[in-house]
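Have a look at the structure below, then the notes.
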Amino acid sequence: MKTRHVLWVLVLLVAVALSGPTQAAEPIKIGAAISLTGKYGRTGEYQLEGYQLWVKQVNERGGLLGRPVELIVLDDKSDPATSVKLYEKLITVDQVDLVLAPYSSAVTYAVAPVTEKYGYPMLAAGASSTKIWEQGYRYIFMMVSPAEVYLEGAVDIAARNGLKTVAMLAENSLFPKASAAGTKKLLQARGMELVFYEEYPKTVTDFSAVMLKLQQLRPEVVLANTYFPDAVIITRQMKEYNVSPKLYAATVGPALPDFYESLGKTAEYVYGPSQWDIKLKTPGNAEFVKAYTELHGRPPDYHSASGYASCVMLEMAVKQVGSLDRDKIRDALARLDTTTVFGDYAVDEQGKQLKHKMVLLQWQDGQLEIVWPDELATAPPRFPTPPWEQRG
Amino acid sequence: MDASLLSVEKIVAGYGKMDILHGVSLHVRAGEVVSIIGPNGAGKSTVFKTIMGYLTPRQGRVCFDGADITGLRPDQVMRRGLSYVPQGRIVFPLMTVLENLEMGAYTERNRARFRATLERVYELFPILAERRHQKAGTLSGGEQQMLAIGRALMVSPKLLLLDEPSLGLAPRFVTMVFETVKRLRALGLTLVIVEQNAVRALEVADRGYVLELGRNRFEDTGHRLLTNPEVKRLYLGG
Amino acid sequence: MRPLPRDLLLLGLCLVLAVLPVSAAPQYVVSLVLFVFMFIALAESWNLLSGYTGYVSFGHVVFFGVGAYTTAITMTRWGLAWLPASLLGGVAAVGLALLIGYPCLRLKGPYFAISMLGLSEVVRLLALYLEPLTGGGMGISRIRPPTPDPTPVVYWAMEAMAVLVVAVTYAIDRAQFGLRLKSIREDELAAEAMGINTTAYKMYAFLLSAFFPGIVGGIHAYYLSYIEPDSTFALLYTINMAIMTIFGGRGTVWGPVIGAVTLYLVSEAVWVRFPFLHLVLFGLVIMIVVLFMPRGVLGWIATRRPRLVPAGKEL
Amino acid sequence: MRLHVQLVVSGLLQGGVYAVIALGLTLVFGVMRVINVAHGELVMLGAYTTFWVFALWQVNPLLTLLVSIPLLFFLGMVIERLLIARVVDQPEVTALLLTFGLSIFLVGTALNLWSADFRSVESPMLAGSVMPWLWLPGLGWLQVFIPKPRLISFLLSLLITGTVFAFLKYTRTGKAIRATAQSREVAMACGINVRRIYTLTFGLGAALAAAGGSLISLMLAIFPEMGAVLTLKSFCIIVLGGMGNYAGAFFGGLVLGLAETYGAFYTTPQLQEAFAYLLLILILLLKPSGLLGVVRQ
């Protein structure tokens, strides 16, 4: 008898599952799963806010192809495996017409096979690891400068000022490792010496042992290949342990306005690379910053700009094609050569970015200033960073 | 009602759904020593646990000093002047002798009375005074039993329940325990003893009860039970 | 042993479900049922050890993860096909169980539970650290080519695993083996005194309950085509196995099945919109079940409606 | 040599906080024979209390202890009355599963309320470091380097542990707690209301967890899932020190702090967490009574 009950429950549940809503709707449905919580939550949120600004604007303009745009957003909790499931769901259950990219290289790396399988073109607004584009995927396009050159500006400033010894840290995941690998090559080319290199797991919360080693080694330069939360912890613990390099840069973190909010004056002098900046003179940048700040109540960061730009370029491609034919949109994106608020865009046959350029920012008196490259600089770098005890 | 200090009337009690006692009754008058004997599983210790409030009887009543104490918590029962020495591990091994005695007086918040009682217990058991700062776990078995009794006396009880006081002790200490019982009685204390060592227990008792399978079997003076041929045959080993 | 109607019914259900991937059912439903099968297999495996012998494992994901990594590594390095690679995953899990089983199973209740939790964390950290072998934090990607779509095959494989583990549990439950495992749960010392070689029986149960998750982990890795340590060795898998079994009824054949089906669908319905609500629900369910229906849903039904459970069939 | 002195100091500083947290766990285990798997989640709640009190009212993070300790003490007592009291007398595994459910519930609740973001308490009052000179026999004067937040949290850990030890040693209720841990039956025979002691002990355990959480938030990031690691580490510590042994928990905490610091320094931060677990497994397998433990039935 009991077995029959089990069966009834089973049948009932399957029936419930099968009867999900699946009717086609009037608006164009665009899906995105993005990290809103967890380690990548802060940065993912900025990227999403860029998407949301575009959706608002495009609907105000009368929609895409004359149809309103509806954005479906899911949270992947900073977990690649979850994201895979979510994109599968967006494409097969919600039957979205187009997708927008997730945040972070690791998540994008995991999702790429899914979008590839269903033939959904995707502008990777939040992924910079070239490894993703070495897998032979055809439907994913790189927008940002590759991870390998994130710290180019920092290395350049250090080399020009004659600094020699470098300590480097990297989170043990896709983007930070790619960034570290690229930076190693840059250091070699400039004849600098890597005196310390250590990787740490995504879940780490304490860098005491690393700091003690840095105390011993006293490197002139510290480069951290990080995401926002660990960038904050590392910076803070450098102060606690009185690790005072002449130059300290971290990949993702310092370029976010929240960095100063979290650390206050401790953030002064810290360098961080950025794919974009408020002060850049790209076409329409000032208007973008204004509209974004109005909508979200805070200024954009570079993830916002790349998110927004990815939508704008998708819109361009759709308009060129004149329909939602995803294969044609893919071809349009592969050929596209343009400049947005985010900067230049053009990709090679693998989908890798060719034209986009990075800048290096530094916190100066509570403001992010562009300090590299020279032709875009809004202020000279404050160099060298004074030891902690000499700071206010 | 007679002049009983403690009366247990037809209690039915046990653990979970299983009853151990099926209507046991006892009466203890002030100043008496009463022994409860019986084979394993007769429910001797369960009687104590029910009196002390560890178990709530399903039926029957427990009265002490003229009041119904059925269903009270152990600490409430104690405050009325009943004290209990459980069998087995009977001291706090990692606490000092003094701390053990302090715990015995847990319900006594008056410092002066506490000191007075402590002096009396030390007088009764000089060895405890000597070892007051020693960990109880390092005492010998006999000393631990003294300590356990001393601890139970710290509330100046009207009635003391001793559960298997000679269990697991060397013969020398067994004698010591029963000597102590006699001394306590001489001090005017009322005692109820549950014992495996039936002969020794009945020797010191004014009256005795024989339990079997959770029921009263015999009840008489200690001396007459000792000489009762049936009791002799069944419980005293011939 | 003549087939009862309910066995036929079960068989029919299996067959109906088996054609799902090639029918017109939406892909999402297929993958939903696929994961239900996966969790039936996982929960039932956990049940084999923790439900029957009472040795609660808080680190069972370690076998799932080791299976997944073995499969991923052998497929990408040696070009093994998914089926032998997954079986190898099961073998690797058994290997690990052999290694740790004897010392760990000497530990009683809570100590065993927590040493397993510690172990699963150690293995996760090792997977992060041993980069040349495991790809470290970058994980292993492209375990299989993106086409053809593996869903139908994986679906059938998971279904087969679910059926297999349930069948094995059913057989054990009816055999003396099952009785002996239960006697360990009730009173290990008494079981030993009765002459049961408890060490050996615990070990058999442990190995079996490691083997199936190893294979399932392998199939899962093949399906996802991408694994990395944090999500492969996620505590959530262990939580799921335990809670599904406890919910349905520990130490019963059908308890984990009921638990897996119900709780997986509940969490699936909840988590997309409220990503963390299912954790709250899960926590509540565990507490309520432990406090008020310690024998799970099945046990609860049995006491409420004894009529539904034929006499002589212990739940 | 200076390096080793520095490592030892760092390890001990780290271990102090562990000791506070583990003391709570071992106290509850000793008295109630319940391993509270949700102990780390209580630490997490303590840390969030500090975070929110600090973030909302800009209170000195140290003063938040005055909020987190009573708050969790009360919450602990409620949890004991509602949940734990129902399973104390049942087989150990029942309580284990119950607190397991509680830990999932608390993590889920925290995730819903506060999201999975990493938070930190950033106060200028606690920034920076001190560099005292230490005199060591045979080595003379050595300057060591101590981050201020760690030093403060270590000193507070000592203060809290000391207070708890004194409470257990000298007060009537403290003695009753120890007595109950040693023999519940005799404690009852002494007229100790064991139920009340259980509630109190669990409250105290939760309060210690909260204190540890508040102290740890001065050093590390706060997030809803921070608890599991801390439960495991505390468990490792109390196994190290002997289950239910209070002094053992304190020394076990220091030992784990040292082991982690040395381990991470000489190998890699990647394995920092693994040392605790390896230590745990090794001790369980080789010497289940604990390295410092009094073997007690």
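Chain labels A, B, ... are given in the sequence in which chains occur in the structure tokens; within each chain residues are numbered consecutively from 1, and ligands are likewise numbered from 1 in the order shown.
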Please report, as JSON lines, each residue of region 114-159 of chain B lying at most 10 Å from region 189-192 of chain B, together with the nearest pair of atoms and the separation in Å rounded to one decimal; use only C-alpha atoms, and order rows by chain and ascending residue number.
```
{"residue": "B:Leu153", "atom": "CA", "partner": "B:Leu189", "partner_atom": "CA", "distance": 9.9}
{"residue": "B:Ser156", "atom": "CA", "partner": "B:Leu189", "partner_atom": "CA", "distance": 9.3}
{"residue": "B:Pro157", "atom": "CA", "partner": "B:Leu189", "partner_atom": "CA", "distance": 7.9}
{"residue": "B:Lys158", "atom": "CA", "partner": "B:Leu189", "partner_atom": "CA", "distance": 6.3}
{"residue": "B:Leu159", "atom": "CA", "partner": "B:Thr190", "partner_atom": "CA", "distance": 4.7}
```
Original post:
So which bits of region 4-101 of chain C end up alpha helix (DSSP H) when you DSSP the backbone, as number ranges by chain?
Top reply: C: 5-18, 27-46, 61-78, 82-101
Subject >> Nearest to chain B, chosen from D:Phe235, D:Phe154, D:Tyr170, D:Tyr277, with only C-alpha atoms counted in the distances >> reply: D:Tyr170
With only C-alpha atoms considered, list every residue of chain C at most 6 Å from chain D, as an mmCIF file with N, CA, C and O atoms, in the first residue's frame.
```cif
data_model
loop_
_atom_site.group_PDB
_atom_site.id
_atom_site.type_symbol
_atom_site.label_atom_id
_atom_site.label_comp_id
_atom_site.auth_asym_id
_atom_site.auth_seq_id
_atom_site.Cartn_x
_atom_site.Cartn_y
_atom_site.Cartn_z
ATOM 1 N N SER C 115 34.264 13.857 11.866
ATOM 2 C CA SER C 115 35.508 13.536 11.167
ATOM 3 C C SER C 115 35.239 13.421 9.662
ATOM 4 O O SER C 115 36.080 13.792 8.842
ATOM 5 N N GLY C 118 35.201 16.939 8.349
ATOM 6 C CA GLY C 118 36.577 17.413 8.221
ATOM 7 C C GLY C 118 37.243 16.817 6.991
ATOM 8 O O GLY C 118 37.901 17.504 6.217
ATOM 9 N N VAL C 122 39.013 18.601 3.783
ATOM 10 C CA VAL C 122 40.417 18.372 3.427
ATOM 11 C C VAL C 122 40.521 18.033 1.943
ATOM 12 O O VAL C 122 41.367 18.575 1.225
ATOM 13 N N PHE C 276 17.825 31.826 -1.160
ATOM 14 C CA PHE C 276 18.254 31.199 0.087
ATOM 15 C C PHE C 276 17.107 30.678 0.928
ATOM 16 O O PHE C 276 17.316 30.113 1.983
ATOM 17 N N LEU C 279 17.048 27.026 2.104
ATOM 18 C CA LEU C 279 17.890 26.644 3.243
ATOM 19 C C LEU C 279 17.130 26.803 4.549
ATOM 20 O O LEU C 279 17.185 25.950 5.433
ATOM 21 N N VAL C 280 16.394 27.902 4.645
ATOM 22 C CA VAL C 280 15.593 28.126 5.849
ATOM 23 C C VAL C 280 14.572 27.006 6.001
ATOM 24 O O VAL C 280 14.420 26.403 7.065
ATOM 25 N N GLY C 283 16.238 23.723 6.979
ATOM 26 C CA GLY C 283 16.596 23.727 8.394
ATOM 27 C C GLY C 283 15.371 23.453 9.254
ATOM 28 O O GLY C 283 15.402 22.616 10.158
ATOM 29 N N ILE C 286 14.282 19.784 8.958
ATOM 30 C CA ILE C 286 15.098 18.869 9.766
ATOM 31 C C ILE C 286 14.690 18.946 11.230
ATOM 32 O O ILE C 286 14.452 17.931 11.879
ATOM 33 N N MET C 287 14.571 20.176 11.733
ATOM 34 C CA MET C 287 14.266 20.305 13.156
ATOM 35 C C MET C 287 12.902 19.709 13.486
ATOM 36 O O MET C 287 12.755 18.991 14.469
#
```
Subject >> Within 10 Å of Ala178 (chain A) using only C-alpha atoms, minus same-chain residues under 2 positions, as a list in words >> reply: Ser105, Ser128, Ser129, Thr130, Lys131, Pro146, Ala147, Glu148, Val149, Tyr150, Ala170, Asn172, Ser173, Leu174, Phe175, Pro176, Ala180, Ala181, Gly182, Thr183, Lys184 and Asn225 of chain A; Met138 of chain C
Write the residues you've just listed into a file as a PDB file, in the first residue's frame, and include N, CA and C atoms for each of them.
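Now in out_27.pdb:
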```pdb
ATOM      1  N   SER A 105      35.063  35.806 -14.787  1.00  0.00           N
ATOM      2  CA  SER A 105      35.603  34.879 -15.776  1.00  0.00           C
ATOM      3  C   SER A 105      35.202  33.440 -15.465  1.00  0.00           C
ATOM      4  N   SER A 128      37.409  38.382 -18.579  1.00  0.00           N
ATOM      5  CA  SER A 128      38.599  38.873 -19.247  1.00  0.00           C
ATOM      6  C   SER A 128      39.672  37.808 -19.413  1.00  0.00           C
ATOM      7  N   SER A 129      39.354  36.555 -19.060  1.00  0.00           N
ATOM      8  CA  SER A 129      40.362  35.501 -19.203  1.00  0.00           C
ATOM      9  C   SER A 129      40.364  34.980 -20.625  1.00  0.00           C
ATOM     10  N   THR A 130      41.501  35.114 -21.284  1.00  0.00           N
ATOM     11  CA  THR A 130      41.554  34.713 -22.690  1.00  0.00           C
ATOM     12  C   THR A 130      41.305  33.226 -22.867  1.00  0.00           C
ATOM     13  N   LYS A 131      41.508  32.464 -21.780  1.00  0.00           N
ATOM     14  CA  LYS A 131      41.309  31.019 -21.858  1.00  0.00           C
ATOM     15  C   LYS A 131      39.922  30.666 -22.403  1.00  0.00           C
ATOM     16  N   PRO A 146      42.119  41.928 -21.937  1.00  0.00           N
ATOM     17  CA  PRO A 146      42.337  40.630 -21.299  1.00  0.00           C
ATOM     18  C   PRO A 146      42.959  40.756 -19.904  1.00  0.00           C
ATOM     19  N   ALA A 147      42.681  39.760 -19.084  1.00  0.00           N
ATOM     20  CA  ALA A 147      43.186  39.717 -17.715  1.00  0.00           C
ATOM     21  C   ALA A 147      44.691  39.936 -17.663  1.00  0.00           C
ATOM     22  N   GLU A 148      45.375  39.437 -18.683  1.00  0.00           N
ATOM     23  CA  GLU A 148      46.838  39.447 -18.671  1.00  0.00           C
ATOM     24  C   GLU A 148      47.417  40.858 -18.599  1.00  0.00           C
ATOM     25  N   VAL A 149      46.651  41.871 -19.034  1.00  0.00           N
ATOM     26  CA  VAL A 149      47.226  43.222 -19.050  1.00  0.00           C
ATOM     27  C   VAL A 149      46.658  44.124 -17.954  1.00  0.00           C
ATOM     28  N   TYR A 150      45.908  43.555 -17.022  1.00  0.00           N
ATOM     29  CA  TYR A 150      45.298  44.384 -15.977  1.00  0.00           C
ATOM     30  C   TYR A 150      46.340  45.230 -15.243  1.00  0.00           C
ATOM     31  N   ALA A 170      47.624  35.832  -5.703  1.00  0.00           N
ATOM     32  CA  ALA A 170      46.534  35.588  -6.646  1.00  0.00           C
ATOM     33  C   ALA A 170      45.518  34.636  -6.049  1.00  0.00           C
ATOM     34  N   ASN A 172      43.037  31.646  -6.249  1.00  0.00           N
ATOM     35  CA  ASN A 172      43.136  30.446  -7.063  1.00  0.00           C
ATOM     36  C   ASN A 172      41.858  30.261  -7.888  1.00  0.00           C
ATOM     37  N   SER A 173      41.661  31.166  -8.852  1.00  0.00           N
ATOM     38  CA  SER A 173      40.568  30.937  -9.797  1.00  0.00           C
ATOM     39  C   SER A 173      40.932  31.582 -11.130  1.00  0.00           C
ATOM     40  N   LEU A 174      40.055  31.451 -12.085  1.00  0.00           N
ATOM     41  CA  LEU A 174      40.403  31.696 -13.488  1.00  0.00           C
ATOM     42  C   LEU A 174      40.993  33.080 -13.751  1.00  0.00           C
ATOM     43  N   PHE A 175      40.240  34.136 -13.447  1.00  0.00           N
ATOM     44  CA  PHE A 175      40.704  35.466 -13.793  1.00  0.00           C
ATOM     45  C   PHE A 175      41.970  35.873 -13.044  1.00  0.00           C
ATOM     46  N   PRO A 176      41.994  35.738 -11.702  1.00  0.00           N
ATOM     47  CA  PRO A 176      43.205  36.186 -11.008  1.00  0.00           C
ATOM     48  C   PRO A 176      44.450  35.441 -11.467  1.00  0.00           C
ATOM     49  N   ALA A 180      47.670  37.062 -13.086  1.00  0.00           N
ATOM     50  CA  ALA A 180      48.999  36.847 -12.506  1.00  0.00           C
ATOM     51  C   ALA A 180      49.980  36.349 -13.573  1.00  0.00           C
ATOM     52  N   ALA A 181      49.502  35.438 -14.410  1.00  0.00           N
ATOM     53  CA  ALA A 181      50.383  34.886 -15.444  1.00  0.00           C
ATOM     54  C   ALA A 181      50.840  35.987 -16.401  1.00  0.00           C
ATOM     55  N   GLY A 182      49.893  36.839 -16.807  1.00  0.00           N
ATOM     56  CA  GLY A 182      50.237  37.938 -17.700  1.00  0.00           C
ATOM     57  C   GLY A 182      51.212  38.902 -17.041  1.00  0.00           C
ATOM     58  N   THR A 183      50.957  39.207 -15.775  1.00  0.00           N
ATOM     59  CA  THR A 183      51.807  40.154 -15.064  1.00  0.00           C
ATOM     60  C   THR A 183      53.229  39.621 -14.932  1.00  0.00           C
ATOM     61  N   LYS A 184      53.344  38.306 -14.687  1.00  0.00           N
ATOM     62  CA  LYS A 184      54.679  37.706 -14.593  1.00  0.00           C
ATOM     63  C   LYS A 184      55.488  38.001 -15.851  1.00  0.00           C
ATOM     64  N   ASN A 225      46.244  39.965  -7.283  1.00  0.00           N
ATOM     65  CA  ASN A 225      45.275  39.578  -8.308  1.00  0.00           C
ATOM     66  C   ASN A 225      44.025  39.087  -7.594  1.00  0.00           C
TER      67      ASN A 225
ATOM     68  N   MET C 138      40.645  26.731 -10.978  1.00  0.00           N
ATOM     69  CA  MET C 138      40.073  26.934 -12.315  1.00  0.00           C
ATOM     70  C   MET C 138      39.187  25.772 -12.708  1.00  0.00           C
TER      71      MET C 138
END
```
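One distance worth recording is that between CA of Tyr292 (chain A) and CA of Leu361 (chain A), which is 20.7 Å.
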Original post:
Which residues, written as a ChimeraX atom specification, have at least one atom at most 12 Å from Asp75 (chain B), with only C-alpha atoms counted and residues fewer than 4 positions away on the same chain left out?
Top reply: /B:51-54,69,71,79-84,104-108,155 /D:185-196
**OP:** Mind giving me the straight-line distance from CA of Ala309 (chain A) to CA of Ala32 (chain A) in Å, one decimal?
**Re:**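 Those two atoms sit 15.0 Å apart.
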Original post:
How many Å lie between CA of Leu12 (chain D) and CA of Lys148 (chain D), rounded to one decimal?
Top reply: 14.1 Å
**OP:** Pick out the residues sitting within 12 Å of Arg224 (chain B), and hand them over as a list of chain:residue names; count only C-alpha atoms, and ignore anything fewer than 6 positions along from it in its own chain.
**Re:**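 In the requested format, the answer is B:Val199, B:Leu202, B:Glu203, B:Ala205, B:Asp206, B:Arg207, B:Gly208, B:Tyr209, B:Phe218, B:Glu230, B:Val231, B:Lys232.
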**OP:** For Leu336 (chain A), list every protein, DNA or RNA residue within 10 Å, evaluated using only C-alpha atoms, and leave out those in the same chain fewer than 4 positions away; present the list as JSON, numbers by chain.
**Re:** {"A": [313, 316, 317, 330, 331, 332, 345, 346, 347]}
Check which residues of chain D sit at most 10 Å from chain A using only C-alpha atoms, and return one row each with the closest pair of atoms and their distance in Å to one decimal, ordered by chain and rising number, as a Markdown table.
```
| residue | atom | partner | partner_atom | distance |
| --- | --- | --- | --- | --- |
| D:Leu3 | CA | A:Gln216 | CA | 8.2 |
| D:Gln6 | CA | A:Leu212 | CA | 8.3 |
| D:Leu7 | CA | A:Leu212 | CA | 7.9 |
| D:Ser10 | CA | A:Ser208 | CA | 8.0 |
| D:Gly11 | CA | A:Ser208 | CA | 9.4 |
| D:Gln14 | CA | A:Ser208 | CA | 9.4 |
| D:Leu111 | CA | A:Thr37 | CA | 8.9 |
| D:Trp114 | CA | A:Thr37 | CA | 9.6 |
| D:Ser115 | CA | A:Thr37 | CA | 5.9 |
| D:Ala116 | CA | A:Gly38 | CA | 4.4 |
| D:Asp117 | CA | A:Gly38 | CA | 5.1 |
| D:Phe118 | CA | A:Pro229 | CA | 6.2 |
| D:Arg119 | CA | A:Pro229 | CA | 8.1 |
| D:Ser120 | CA | A:Ser262 | CA | 7.6 |
| D:Val121 | CA | A:Ser262 | CA | 8.4 |
| D:Glu122 | CA | A:Leu263 | CA | 6.5 |
| D:Ser123 | CA | A:Leu263 | CA | 8.8 |
| D:Pro124 | CA | A:Gly264 | CA | 8.7 |
| D:Leu126 | CA | A:Glu240 | CA | 9.3 |
| D:Ala127 | CA | A:Glu240 | CA | 6.6 |
| D:Gly128 | CA | A:Glu240 | CA | 4.9 |
| D:Ser129 | CA | A:Glu240 | CA | 5.6 |
| D:Val130 | CA | A:Glu240 | CA | 9.1 |
| D:Phe145 | CA | A:Tyr241 | CA | 7.3 |
| D:Ile146 | CA | A:Tyr241 | CA | 7.1 |
| D:Pro147 | CA | A:Glu240 | CA | 4.8 |
| D:Lys148 | CA | A:Glu240 | CA | 7.0 |
| D:Pro149 | CA | A:Glu240 | CA | 7.9 |
| D:Arg150 | CA | A:Glu240 | CA | 8.8 |
| D:Met219 | CA | A:Asp206 | CA | 7.9 |
| D:Leu220 | CA | A:Thr205 | CA | 5.8 |
| D:Ala221 | CA | A:Thr205 | CA | 5.9 |
| D:Ile222 | CA | A:Thr205 | CA | 8.8 |
| D:Phe223 | CA | A:Gly38 | CA | 8.7 |
| D:Pro224 | CA | A:Gly38 | CA | 9.6 |
| D:Glu225 | CA | A:Gly38 | CA | 9.9 |
| D:Met226 | CA | A:Thr203 | CA | 9.2 |
| D:Glu260 | CA | A:Ala209 | CA | 8.8 |
| D:Thr261 | CA | A:Ala209 | CA | 6.1 |
| D:Tyr262 | CA | A:Ala209 | CA | 7.9 |
| D:Gly263 | CA | A:Ala209 | CA | 8.7 |
| D:Ala264 | CA | A:Ala209 | CA | 5.8 |
| D:Phe265 | CA | A:Ala209 | CA | 5.0 |
| D:Tyr266 | CA | A:Ala209 | CA | 8.7 |
| D:Thr267 | CA | A:Ala209 | CA | 9.8 |
| D:Thr268 | CA | A:Glu198 | CA | 7.1 |
| D:Pro269 | CA | A:Tyr200 | CA | 5.6 |
| D:Gln270 | CA | A:Tyr200 | CA | 4.8 |
| D:Leu271 | CA | A:Tyr200 | CA | 8.5 |
| D:Gln272 | CA | A:Val204 | CA | 8.7 |
| D:Glu273 | CA | A:Val204 | CA | 8.5 |
```
Original post:
Do you know which residues are at most 12 Å from Phe35 (chain C) counting only C-alpha atoms, after dropping those on the same chain fewer than 5 positions away, and could you put them as an MDAnalysis selection string?
Top reply: (chainID A and resid 85) or (chainID C and resid 28:30 40:43 151 154:159 161:162 216:217 219:220 223:224 237 240 260:261 263:265 267:268)
**OP:** Identify all residues of region 99-188 of chain B in strand (DSSP E) (DSSP on the backbone) and supply them as number ranges by chain.
**Re:** B: 159-163
Original post:
With only C-alpha atoms as the basis for distance, which of D:Asn60, D:Thr161, D:Ser68, D:Ser183 is at the shortest distance from chain B?
Top reply: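 Among the listed residues, the smallest separation from chain B belongs to D:Ser183.
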Original post:
For chain A, which residue out of C:Val94, C:Val257, C:Ala113, C:Leu164 is the nearest one, using only C-alpha atoms?
Top reply: C:Val257
